[in-house]
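Coordinates as given in protein_25.pdb (PDB, C-alpha atoms):
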ATOM      1  CA  ARG A   1     -27.726  10.957 -25.052  1.00  0.00           C
ATOM      2  CA  TYR A   2     -27.342  11.704 -28.761  1.00  0.00           C
ATOM      3  CA  ARG A   3     -24.268  11.536 -30.948  1.00  0.00           C
ATOM      4  CA  ALA A   4     -23.769  13.394 -34.176  1.00  0.00           C
ATOM      5  CA  ILE A   5     -23.058  11.169 -37.139  1.00  0.00           C
ATOM      6  CA  TYR A   6     -20.785  12.901 -39.605  1.00  0.00           C
ATOM      7  CA  SER A   7     -20.403  11.997 -43.238  1.00  0.00           C
ATOM      8  CA  VAL A   8     -17.403  10.030 -44.302  1.00  0.00           C
ATOM      9  CA  SER A   9     -14.544  12.419 -44.950  1.00  0.00           C
ATOM     10  CA  SER A  10     -13.154  12.856 -48.443  1.00  0.00           C
ATOM     11  CA  HIS A  11      -9.846  11.577 -47.062  1.00  0.00           C
ATOM     12  CA  ASP A  12     -11.483   8.301 -45.961  1.00  0.00           C
ATOM     13  CA  SER A  13     -13.347   8.020 -49.277  1.00  0.00           C
ATOM     14  CA  PHE A  14     -10.094   8.515 -51.160  1.00  0.00           C
ATOM     15  CA  ARG A  15      -8.394   5.819 -49.052  1.00  0.00           C
ATOM     16  CA  ILE A  16     -11.222   3.407 -49.872  1.00  0.00           C
ATOM     17  CA  MET A  17     -10.710   4.031 -53.585  1.00  0.00           C
ATOM     18  CA  GLU A  18      -6.947   3.491 -53.180  1.00  0.00           C
ATOM     19  CA  LYS A  19      -7.582   0.244 -51.320  1.00  0.00           C
ATOM     20  CA  PHE A  20      -9.888  -0.974 -54.103  1.00  0.00           C
ATOM     21  CA  VAL A  21      -7.248  -0.181 -56.722  1.00  0.00           C
ATOM     22  CA  GLY A  22      -4.626  -1.986 -54.625  1.00  0.00           C
ATOM     23  CA  ASN A  23      -6.776  -5.116 -54.673  1.00  0.00           C
ATOM     24  CA  LEU A  24      -6.718  -5.115 -58.488  1.00  0.00           C
ATOM     25  CA  GLU A  25      -2.955  -5.753 -58.449  1.00  0.00           C
ATOM     26  CA  ASP A  26      -1.010  -4.876 -61.618  1.00  0.00           C
ATOM     27  CA  THR A  27      -3.735  -4.819 -64.245  1.00  0.00           C
ATOM     28  CA  LYS A  28      -4.633  -2.279 -66.907  1.00  0.00           C
ATOM     29  CA  GLU A  29      -7.760  -1.482 -64.892  1.00  0.00           C
ATOM     30  CA  ALA A  30      -5.665  -0.743 -61.795  1.00  0.00           C
ATOM     31  CA  LEU A  31      -3.316   1.465 -63.818  1.00  0.00           C
ATOM     32  CA  SER A  32      -6.218   3.427 -65.270  1.00  0.00           C
ATOM     33  CA  LEU A  33      -7.865   3.927 -61.864  1.00  0.00           C
ATOM     34  CA  ARG A  34      -4.545   4.810 -60.217  1.00  0.00           C
ATOM     35  CA  ASN A  35      -3.919   7.432 -62.909  1.00  0.00           C
ATOM     36  CA  ALA A  36      -7.390   8.848 -62.282  1.00  0.00           C
ATOM     37  CA  LEU A  37      -6.616   9.191 -58.576  1.00  0.00           C
ATOM     38  CA  ASP A  38      -3.352  10.992 -59.313  1.00  0.00           C
ATOM     39  CA  ARG A  39      -4.983  13.730 -61.398  1.00  0.00           C
ATOM     40  CA  PRO A  40      -7.113  16.746 -60.519  1.00  0.00           C
ATOM     41  CA  LYS A  41     -10.729  15.906 -59.600  1.00  0.00           C
ATOM     42  CA  PRO A  42      -9.864  12.321 -58.619  1.00  0.00           C
ATOM     43  CA  PHE A  43     -13.387  11.380 -57.498  1.00  0.00           C
ATOM     44  CA  ARG A  44     -14.939  12.280 -60.867  1.00  0.00           C
ATOM     45  CA  ARG A  45     -12.063  10.762 -62.827  1.00  0.00           C
ATOM     46  CA  PHE A  46     -12.204   7.560 -60.778  1.00  0.00           C
ATOM     47  CA  LYS A  47     -15.911   7.093 -61.551  1.00  0.00           C
ATOM     48  CA  ASP A  48     -15.311   7.842 -65.246  1.00  0.00           C
ATOM     49  CA  ALA A  49     -12.423   5.356 -65.428  1.00  0.00           C
ATOM     50  CA  LEU A  50     -14.457   2.779 -63.541  1.00  0.00           C
ATOM     51  CA  TYR A  51     -17.118   2.714 -66.250  1.00  0.00           C
ATOM     52  CA  ASP A  52     -14.500   2.086 -68.937  1.00  0.00           C
ATOM     53  CA  TYR A  53     -14.460  -1.511 -67.656  1.00  0.00           C
ATOM     54  CA  PRO A  54     -17.915  -3.158 -67.540  1.00  0.00           C
ATOM     55  CA  GLN A  55     -16.963  -5.664 -64.817  1.00  0.00           C
ATOM     56  CA  LEU A  56     -15.700  -3.028 -62.368  1.00  0.00           C
ATOM     57  CA  PRO A  57     -18.690  -0.906 -61.289  1.00  0.00           C
ATOM     58  CA  GLU A  58     -20.458  -3.767 -59.518  1.00  0.00           C
ATOM     59  CA  ALA A  59     -17.197  -4.876 -57.875  1.00  0.00           C
ATOM     60  CA  TRP A  60     -16.516  -1.282 -56.790  1.00  0.00           C
ATOM     61  CA  PHE A  61     -19.965  -0.702 -55.294  1.00  0.00           C
ATOM     62  CA  THR A  62     -19.813  -4.006 -53.399  1.00  0.00           C
ATOM     63  CA  PHE A  63     -16.349  -3.134 -52.099  1.00  0.00           C
ATOM     64  CA  GLU A  64     -17.383   0.398 -51.154  1.00  0.00           C
ATOM     65  CA  GLN A  65     -20.472  -0.865 -49.305  1.00  0.00           C
ATOM     66  CA  LYS A  66     -18.362  -3.280 -47.238  1.00  0.00           C
ATOM     67  CA  GLU A  67     -15.866  -0.539 -46.394  1.00  0.00           C
ATOM     68  CA  MET A  68     -18.645   1.858 -45.351  1.00  0.00           C
ATOM     69  CA  ALA A  69     -20.124  -0.864 -43.120  1.00  0.00           C
ATOM     70  CA  ARG A  70     -16.680  -1.383 -41.579  1.00  0.00           C
ATOM     71  CA  LEU A  71     -16.381   2.347 -40.861  1.00  0.00           C
ATOM     72  CA  ALA A  72     -19.853   2.374 -39.288  1.00  0.00           C
ATOM     73  CA  GLU A  73     -18.965  -0.576 -37.069  1.00  0.00           C
ATOM     74  CA  GLU A  74     -15.724   1.118 -35.989  1.00  0.00           C
ATOM     75  CA  TRP A  75     -17.587   4.339 -35.200  1.00  0.00           C
ATOM     76  CA  CYS A  76     -20.137   2.479 -33.077  1.00  0.00           C
ATOM     77  CA  GLU A  77     -17.401   0.664 -31.161  1.00  0.00           C
ATOM     78  CA  GLU A  78     -15.478   3.909 -30.571  1.00  0.00           C
ATOM     79  CA  ASN A  79     -18.633   5.535 -29.218  1.00  0.00           C
ATOM     80  CA  GLY A  80     -19.684   2.622 -27.013  1.00  0.00           C
ATOM     81  CA  ILE A  81     -22.776   1.855 -29.027  1.00  0.00           C
ATOM     82  CA  GLU A  82     -23.884  -1.752 -29.225  1.00  0.00           C
ATOM     83  CA  VAL A  83     -25.582  -2.539 -32.494  1.00  0.00           C
ATOM     84  CA  GLU A  84     -27.156  -5.673 -33.841  1.00  0.00           C
ATOM     85  CA  TRP A  85     -26.361  -5.625 -37.552  1.00  0.00           C
ATOM     86  CA  VAL A  86     -28.939  -7.307 -39.747  1.00  0.00           C
TER      87      VAL A  86
END
Could you rewrite the structure in this file as structure tokens?
Amino acid sequence: RYRAIYSVSSHDSFRIMEKFVGNLEDTKEALSLRNALDRPKPFRRFKDALYDYPQLPEAWFTFEQKEMARLAEEWCEENGIEVEWV
């Protein structure tokens, strides 16, 4: 009757960051974020690099929110849960 809802794995979170960087194409911002992901502590470095570019944080949080919603929808479908998203 109940299903456990687990947090998003660090692997999935990392893939979301990679996808965001991929959408930036070949820009200096993309290079900086890609370098952050290739170094130790990629989550911290990604956030630090993100704030080096004033236009990126809002774009990142919007992108991340959409990806998290997509993951939630997939999880519901996989578990046979019908949801009315509002």
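The coordinates place atom CA of Glu74 of chain A at 16.1 Å from atom CA of Val86 of chain A.
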Fill in the blank from the handout: Between A:Arg1, A:Lys66, A:Lys28, A:Lys19, smallest distance to Ile81 of chain A by only C-alpha atoms belongs to A:Arg1
Exercise for the section: One decimal, Å: what's the distance from atom CA of Gln55 of chain A over to atom CA of Thr27 of chain A, could you say? Expected result: 13.3 Å
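Residues in contact with segment 56-63 of chain A at 9 Å, where only C-alpha atoms are counted and same-chain residues fewer than 5 positions away are skipped, are listed as Ile16, Met17, Phe20, Glu29, Lys47, Leu50, Tyr51 and Met68 of chain A.
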Residues from last step as file, C-alpha atoms, as an mmCIF file, in the frame of the given file:
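The file below, result-v4.cif, is the result:
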data_model
loop_
_atom_site.group_PDB
_atom_site.id
_atom_site.type_symbol
_atom_site.label_atom_id
_atom_site.label_comp_id
_atom_site.auth_asym_id
_atom_site.auth_seq_id
_atom_site.Cartn_x
_atom_site.Cartn_y
_atom_site.Cartn_z
ATOM 1 C CA ILE A 16 -11.222 3.407 -49.872
ATOM 2 C CA MET A 17 -10.710 4.031 -53.585
ATOM 3 C CA PHE A 20 -9.888 -0.974 -54.103
ATOM 4 C CA GLU A 29 -7.760 -1.482 -64.892
ATOM 5 C CA LYS A 47 -15.911 7.093 -61.551
ATOM 6 C CA LEU A 50 -14.457 2.779 -63.541
ATOM 7 C CA TYR A 51 -17.118 2.714 -66.250
ATOM 8 C CA MET A 68 -18.645 1.858 -45.351
#
Handout entry: Answer key for the PyMOL selection byres ((chain A and resi 72) around 12), residues as a PyMOL selection string
Key = chain A and resi 5-8+65-71+73-79+81-83+85
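Going from atom CA of Gly80 of chain A over to atom CA of Ser10 of chain A, you cover 24.6 Å.
With distances restricted to all atoms listed in the file, A:Glu64 is the closest residue to Ser13 of chain A from A:Ala49, A:Pro40, A:Glu64, A:Leu33.
The residue set within 9 Å of Asn35 of chain A, counting all atoms listed in the file and dropping same-chain residues fewer than 6 places from it, reads A:Pro42, A:Arg45, A:Phe46.
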For those residues, write C-alpha atoms to a file as a PDB file, in the frame of the given file.
ATOM      1  CA  PRO A  42      -9.864  12.321 -58.619  1.00  0.00           C
ATOM      2  CA  ARG A  45     -12.063  10.762 -62.827  1.00  0.00           C
ATOM      3  CA  PHE A  46     -12.204   7.560 -60.778  1.00  0.00           C
TER       4      PHE A  46
END
